[in-house]
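Below is one structure, written out as structure tokens; the observations come after it.
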Amino acid sequence: MATNTQIPVADRRVPVIAPGHTFSTITEKISNIVLSRPVSLGWIFGFLIVFSMMNVLMMALGYLFIKGTGIWGINIPIGWGFAIVNFVWWIGIGHAGTLISAILCLLRQSWRNSINRFAEAMTLFAVACAGIFPLAHMGRPWLGYWLFPYPNTMNYWPNFRSPLVWDVFAVSTYFTISLVFWFVGLIPDLATLRDRAESPLVRRIYGLLAMGWRGSARHWHRYETAYLLLAGLATPLVLSVHTVVSFDFAVGIVPGWHTTIFPPYFVAGAIYSGFAMVLCLAIPIRAIYGLQDFITMRHLENAAKVMLATGLIVAYGYGMEAFMGWYSGSQFDSFLLWNRFHGPYRLSYMALLACNIFIPQVLWFKKFRVSTGWLWLISFVVLVGMWLERFIIVVVSLSRDFLTSSFGMYYPTKWDWMTFAGTIGMFLTAMWLFVRILPMISIFELRTLLPESQVHEAAEVKQ
Amino acid sequence: MSDTSTYGLMAEFDSAKELVAAAHKTHEAGYQKIDAYSPFPIEGLAEAIGFHKNRVPLVVLIGGLIGGISAYALQYWVAVITYPVNIGGRPYHSWPSFIIVTFELTILFAGLSAAIGMLVLNGLPMPYHPVFNVPEFAKASDNKFFLVVFSSDPKYDATRTRSFLTGLAPRMVAEVPS
């Protein structure tokens, strides 16, 4: 038994963990990235780049707080602009992390065990980036706490019939639960790092974070229950978050927003862009840190298949919007369709169709799914496409509403671009630090993938 | 029988199967106060040491109910009693609009209860624990499996328990200083 390293997966498929690994090789390989791998020049150079980008965000926000939102390209009729485009884009990217960690956990997809940790980290950082935008867009972000219901001297309370208030609750709950889920998953691995750390200071820091975890059977039993319940709670939560975000639009009456297909179409789009981000990060990380044994081609192929499936749901959403433009008989809806193909923003709509619908169809072919270069490129194209989708929903819809007198154009300023690029810098800075200070793959969950972790025969003896 | 300077006796095993089998035998031999330690969750191990009472689901249920009920009550109180605002002639008690915040807070409270409840019931954070006094125990978070019989067990006897544990063919048996 102990010498048998065959992994029980279906034939002809790449295993989820390369053969030949034992408990100690898994522990060693993942924890050494954090504990003993020297900091390379490449890491420092890359960190300087992404950290500079993050400082661009700090400058853009600093100037924004001094001058106000007038430095952005927003005006009436387009009052939402980049801030909301980027908010929706970043929140969507976060969704893949929760999908991988919660939904695939409930579905007992064991391949998730090697990518859930960094996908969850990606969720946290993406939601943190997303949260900046609505706050910055408020104009007076220092009064952001007015969004929450609390007894105050103004005798004022939020209007709970407003989707924007729902959004506050959905996004803050999402961030909190993602953080808790991520941290609960980290506790046993922090204990591993504590027990393996050489330096007393490092041992003390991980020891504090591990909170005295000792792997007791009673603890594991409660732990597994709590983890499963968290997964069960996070699953409807993740579906609700982008649904609520889509309500911000769907409850409004602007043509292009006021449709019932928005909730499922937004959720599918979120998972689509999220998996694209997972691939964009996983492909370089596994190459740099030599993790091909744990993040195998099977993971990349599965992620590509999820991307293809959700991409088709998104394509259905576009098709349905076009169909309703014709079928509803509403002149505003049919004008919306005409405007997308022939209006001033037609190029962005063409690019959207190419990036989100046509180019990803190559994923039907195995050749593209098993080539890391192609996969990375297609994922990047999908990320661009999904950003364009949010741009079209927010900007193009607002630019042409019911009255010709209120038509307008939106031109982002350099501050818009700096804020957007800056959040990418912030996201990458957080990822850069994360891969070096925390185990980016769940060590204890990988151990359970080894056949040695199974005790079924012993369990049968008991009965 | 209990000895205050000793926390218990620890036996080290090589595999999950050996640990589960040893835990079964120890429990069947009449030892009540025992615990097993492993680097990953093992199916059936908690039952093997006689642990059945898991109150995490109850804590989560109570947390979720408190979250949901308080969220709805807050919205009702705000929208109907203390700050009624007529928006487009909609009823003050427009319950469909209140579902989303109720749902989100149910999840928030239930999720926090799951995490905090699990930690509190497990007695964590715990800055000091005697099992860490055994140097080999550092491998409990890597690739080794441990069984401990506590000295507070009524059946505990330093020599007899040690010979019983040695009979389970462990890699080693060590005394855990408290």
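If you're wondering about the labels, chains in the structure tokens are A, B, ... by order shown, residues count from 1 in each chain, ligands from 1 in order shown.
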Among range 4-144 of chain B, which residues carry a DSSP assignment of strand (DSSP E or B), reported as JSON, numbers by chain? {"B": [6, 7, 8, 9, 10, 11, 12, 13, 34, 35, 36, 37]}
Quick one: residues within 9 Å of Val435 in chain A, only C-alpha atoms, excluding same-chain residues fewer than 2 positions away - as a list in words? Ile33, Val34, Phe118, Ile285, Ala430, Met431, Trp432, Leu433, Ile437, Leu438, Pro439 and Met440 of chain A
Taking only C-alpha atoms into account, what are the residues of chain B at most 6 Å from chain A, put as a compact mmCIF listing (two decimals) with C-alpha atoms, in the first residue's frame?
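Result saved to result31.txt:
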```
# COMPACT_ATOMS: atom_id res chain seq x y z
CA LYS B 17 -4.27 3.38 9.08
CA ALA B 36 -5.13 11.48 18.26
CA TYR B 37 -3.13 13.95 16.18
CA SER B 38 -2.64 13.90 12.44
CA PHE B 40 -4.72 16.07 7.84
CA PRO B 41 -8.30 15.12 8.68
CA ALA B 46 -12.82 11.18 15.78
CA SER B 97 -36.80 44.64 -1.13
CA VAL B 101 -30.04 42.34 3.09
CA GLU B 104 -26.61 38.61 3.21
CA LEU B 108 -22.48 36.79 7.36
CA GLY B 111 -20.21 32.19 8.45
CA ALA B 114 -18.85 28.75 11.89
CA MET B 118 -15.08 26.12 15.57
CA ASN B 122 -11.61 23.73 19.92
CA PRO B 125 -6.20 30.20 20.37
CA MET B 126 -4.14 28.25 22.89
CA PRO B 127 -0.65 29.69 23.41
CA ALA B 138 6.78 18.78 15.31
CA SER B 141 1.97 18.80 11.05
CA ASN B 143 3.92 13.24 8.03
```
Using only C-alpha atoms, can you tell me which of B:Ala158, B:Ala110, B:Ala115, B:Leu121 comes closest to Val60 in chain B? B:Ala110
Return as a PyMOL selection string the full set of residues in range 102-320 of chain A whose backbone-based DSSP assignment is alpha helix (DSSP H). chain A and resi 104-106+116-137+163-196+200-210+217-250+262-288+297-320
Surrounding residues of Tyr318 in chain A excluding itself and chain neighbours under 6 positions, 12 Å, only C-alpha atoms, as a ChimeraX atom specification: /A:256,259,261-262,265-266,268-269,311-312,324-325,337,340,349,352-353,356-357,389,392-393
